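**Q** This is the structure I have questions about; it appears just below.
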Amino acid sequence: MPSAAMNDALLCTCSSILLLIYSPFLCHTQDGSHLICTQPVVDKGRCKAGVVLSHTFELKNVGQELLVIRRVESACGCIKLAVGAQELRGGEITALTVEIATLTQPDGLQRWPIRLYYQSPSDEKAARERTLELAIQARIVREVDIQPSRLVISTRGATKHTITITDHRPRTFTIRRISSVSPFVTATILKHADSRHEIMVQVQDQLPEGEHDGSVSIWTDDAEYREIRIPVLILRQPNKQVVWTPDEVIFYLQSGQPSSQLVQIRSLTAEPVRIVNAVSDHPAVQVKFPQESRRMTAVRISVSPATVSTSGTALVRVELSKPRAETLLIPIRWAFSNPKR
């Protein structure tokens, strides 16, 4: 039987060959200008869950006509993308830096496709865009358990939350320092044992209204876990006009049996609740909502075991136009339970 490493290498090689085969058929400008990446598919090998996975793609304009990078997209909310120069003349090179927060990713071989959209002046006149397909893959190995693996906070003032880290290895790491990307978020060690750490995440009352990234980085003395990045999403709500229950949806899935739950949303004013959109950031999670306005309404959230193989998390965004325009964030978690015998 071929080893997992051989299978990974074969998959990466096949992906690269396919991209090279089809690249001549991409739409080029009259002088042949197009973007290329000499290594469009990158295999990062074995990666510890929780470690930030990073890679920089080098992109080159092959031709003479100006090319403009319009946007870069990925389906996974765990990815941060940063493009260098977005306007490239013939022969010029730019860099696309990708950072993947692996903490919420399931174990095993994972692949993260990335699509880059760009145009030449003639493309813009013709109202068309071209694409460059890239991908990163790695085999995720989990040795450190972090609960919750992603923290979603909806608040109207100062609040506190706890994150628990358990290192299952014989030789555990020591936390050196903790930081957050937000000046309104502080994180400190609440409790410490040989293999278990409790981190207190505090959101300050000065946090402005709106959605904020409060991701927390934990720096350790272990070279393999130099930085563990925990995604923290904070929504500072204005004065309360609606309430919803439950504020977090947890599924215990059984093989072959789809599961769904209702989240009820109730207006605290004379105005009814009007939902204009409700979407999930995970393809396994489906959301349905009514079109009409009601004082009390609900969204139905479903998870199909056929589309997931391990425990996971998602985030549902519910956009309201009444009683006022705002977005509700509903964290979703699921795990598999053994059916009763």
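Residues are named by chain letter and number: chains run A, B, ... in the order of the structure tokens, numbers start at 1 in each chain, and ligands are numbered from 1 in the order shown.
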Going by DSSP on the backbone, which residues of segment 128-236 of chain A come out as strand (DSSP E)? List them as a ChimeraX atom specification.

**A** /A:130-141,144-147,151-155,159-167,175-180,185-192,196-203,210-213,216-220,227-230,232-236

**Q** Any chance you can output those residues with C-alpha atoms as an mmCIF file, in the first residue's frame?

**A**
data_model
loop_
_atom_site.group_PDB
_atom_site.id
_atom_site.type_symbol
_atom_site.label_atom_id
_atom_site.label_comp_id
_atom_site.auth_asym_id
_atom_site.auth_seq_id
_atom_site.Cartn_x
_atom_site.Cartn_y
_atom_site.Cartn_z
ATOM 1 C CA ARG A 130 -9.280 36.509 -16.148
ATOM 2 C CA THR A 131 -8.270 34.190 -13.357
ATOM 3 C CA LEU A 132 -5.176 32.474 -12.024
ATOM 4 C CA GLU A 133 -5.782 29.353 -9.932
ATOM 5 C CA LEU A 134 -3.471 28.631 -6.997
ATOM 6 C CA ALA A 135 -3.605 26.167 -4.115
ATOM 7 C CA ILE A 136 -1.881 25.220 -0.876
ATOM 8 C CA GLN A 137 -2.199 21.813 0.704
ATOM 9 C CA ALA A 138 -0.918 20.209 3.898
ATOM 10 C CA ARG A 139 -1.552 17.246 6.150
ATOM 11 C CA ILE A 140 -2.946 18.526 9.470
ATOM 12 C CA VAL A 141 -1.798 16.711 12.616
ATOM 13 C CA VAL A 144 -2.692 20.310 21.012
ATOM 14 C CA ASP A 145 -6.394 20.707 21.802
ATOM 15 C CA ILE A 146 -7.821 24.243 22.014
ATOM 16 C CA GLN A 147 -11.396 24.906 23.093
ATOM 17 C CA LEU A 151 -14.115 32.443 19.543
ATOM 18 C CA VAL A 152 -17.110 34.447 18.312
ATOM 19 C CA ILE A 153 -18.231 37.222 20.646
ATOM 20 C CA SER A 154 -21.380 39.288 20.247
ATOM 21 C CA THR A 155 -21.473 41.950 22.926
ATOM 22 C CA THR A 159 -16.989 40.990 28.379
ATOM 23 C CA LYS A 160 -14.711 38.069 29.269
ATOM 24 C CA HIS A 161 -14.257 34.613 27.745
ATOM 25 C CA THR A 162 -12.001 31.665 28.529
ATOM 26 C CA ILE A 163 -9.930 29.567 26.123
ATOM 27 C CA THR A 164 -8.525 26.229 27.311
ATOM 28 C CA ILE A 165 -5.346 24.763 25.803
ATOM 29 C CA THR A 166 -4.353 21.143 26.448
ATOM 30 C CA ASP A 167 -1.011 19.806 25.220
ATOM 31 C CA ILE A 175 3.755 30.027 27.072
ATOM 32 C CA ARG A 176 6.120 32.992 26.720
ATOM 33 C CA ARG A 177 3.677 35.759 25.838
ATOM 34 C CA ILE A 178 0.177 36.423 24.507
ATOM 35 C CA SER A 179 -0.988 39.216 22.219
ATOM 36 C CA SER A 180 -4.040 40.311 20.235
ATOM 37 C CA VAL A 185 -8.652 43.015 23.463
ATOM 38 C CA THR A 186 -6.323 41.711 26.164
ATOM 39 C CA ALA A 187 -5.422 38.095 26.838
ATOM 40 C CA THR A 188 -3.776 36.771 29.990
ATOM 41 C CA ILE A 189 -2.998 33.390 31.541
ATOM 42 C CA LEU A 190 -5.738 32.592 34.039
ATOM 43 C CA LYS A 191 -4.541 29.139 35.151
ATOM 44 C CA HIS A 192 -1.468 27.122 34.325
ATOM 45 C CA ARG A 196 -3.265 22.606 30.586
ATOM 46 C CA HIS A 197 -3.554 26.370 30.243
ATOM 47 C CA GLU A 198 -6.567 28.646 30.652
ATOM 48 C CA ILE A 199 -6.447 31.961 28.813
ATOM 49 C CA MET A 200 -8.733 34.849 29.733
ATOM 50 C CA VAL A 201 -9.765 37.004 26.757
ATOM 51 C CA GLN A 202 -11.176 40.394 27.765
ATOM 52 C CA VAL A 203 -12.968 42.834 25.470
ATOM 53 C CA GLY A 210 -19.241 47.012 14.336
ATOM 54 C CA GLU A 211 -17.282 43.877 13.491
ATOM 55 C CA HIS A 212 -13.679 43.507 14.673
ATOM 56 C CA ASP A 213 -10.831 41.016 14.383
ATOM 57 C CA VAL A 216 -5.099 36.090 19.777
ATOM 58 C CA SER A 217 -1.544 34.839 19.233
ATOM 59 C CA ILE A 218 0.094 32.613 21.834
ATOM 60 C CA TRP A 219 3.886 32.477 21.655
ATOM 61 C CA THR A 220 5.644 29.450 23.168
ATOM 62 C CA GLU A 227 2.948 30.942 17.365
ATOM 63 C CA ILE A 228 -0.531 29.521 17.910
ATOM 64 C CA ARG A 229 -3.149 31.832 16.453
ATOM 65 C CA ILE A 230 -6.730 31.617 17.727
ATOM 66 C CA VAL A 232 -11.465 35.790 17.603
ATOM 67 C CA LEU A 233 -14.333 37.620 15.905
ATOM 68 C CA ILE A 234 -16.114 40.339 17.872
ATOM 69 C CA LEU A 235 -19.349 42.081 16.976
ATOM 70 C CA ARG A 236 -20.050 45.141 19.113
#

**Q** May I have the residues within 10 Å of segment 108-112 of chain A as an NGL selection string, using only C-alpha atoms and disregarding those fewer than 6 positions away in the same chain?

**A** :A and (4-5 or 7-8 or 12 or 41-43 or 45-47 or 74-76 or 78-79 or 100 or 102 or 134-142)

**Q** Check the smallest atom-to-atom distance from each of A:Glu73, A:Thr97, A:Lys60, A:Glu92 to Pro113 of chain A using only C-alpha atoms, then report the winner.

**A**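 That would be A:Glu73, the residue with the smallest distance to Pro113 of chain A.
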
**Q** Excluding same-chain residues fewer than 5 positions from Glu65 of chain A, what lies within 7 Å of it counting only C-alpha atoms, as a VMD selection string?

**A** chain A and resid 33 89 to 90 120

**Q** Run DSSP on the backbone and give me the residues of segment 107-237 of chain A it puts in helix (DSSP H, G or I), as number ranges by chain.

**A** A: 121-125, 223-225

**Q** Could you take the residues named above and write them with C-alpha atoms, as an mmCIF file, in the first residue's frame?

**A**
data_model
loop_
_atom_site.group_PDB
_atom_site.id
_atom_site.type_symbol
_atom_site.label_atom_id
_atom_site.label_comp_id
_atom_site.auth_asym_id
_atom_site.auth_seq_id
_atom_site.Cartn_x
_atom_site.Cartn_y
_atom_site.Cartn_z
ATOM 1 C CA PRO A 121 -7.016 47.519 -20.346
ATOM 2 C CA SER A 122 -8.574 45.572 -23.235
ATOM 3 C CA ASP A 123 -10.223 43.188 -20.745
ATOM 4 C CA GLU A 124 -11.680 46.144 -18.870
ATOM 5 C CA LYS A 125 -13.166 47.584 -22.068
ATOM 6 C CA ALA A 223 9.946 25.576 17.850
ATOM 7 C CA GLU A 224 7.057 23.573 16.344
ATOM 8 C CA TYR A 225 4.463 25.765 18.079
#

**Q** Neighbouring residues of Ala278 of chain A were defined as those with any atom within 8 Å, considering only C-alpha atoms; residues of the same chain fewer than 4 positions away were excluded. Please report them as a count of residues only.

**A** 8

**Q** Do a neighbour search on Leu35 of chain A at 10 Å with only C-alpha atoms, toss out local chain neighbours closer than 6 positions, and write the hits as a list of chain:residue names.

**A**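 Residues meeting the cut-off are A:Leu26, A:His28, A:Leu59, A:Lys60, A:Asn61, A:Val62, A:Gly63, A:Leu67, A:Val68, A:Ile69, A:Leu88, A:Gly90, A:Gly91, A:Glu92, A:Ile93, A:Leu116, A:Tyr117, A:Tyr118, A:Gln119, A:Arg130, A:Thr131, A:Leu132.
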
**Q** Which is closer to Trp334 of chain A than all the others in A:Gln39, A:Ser304, A:Thr297, A:Gln237, using only C-alpha atoms?

**A**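 Residue with the minimum atom-to-atom distance to Trp334 of chain A: A:Ser304.
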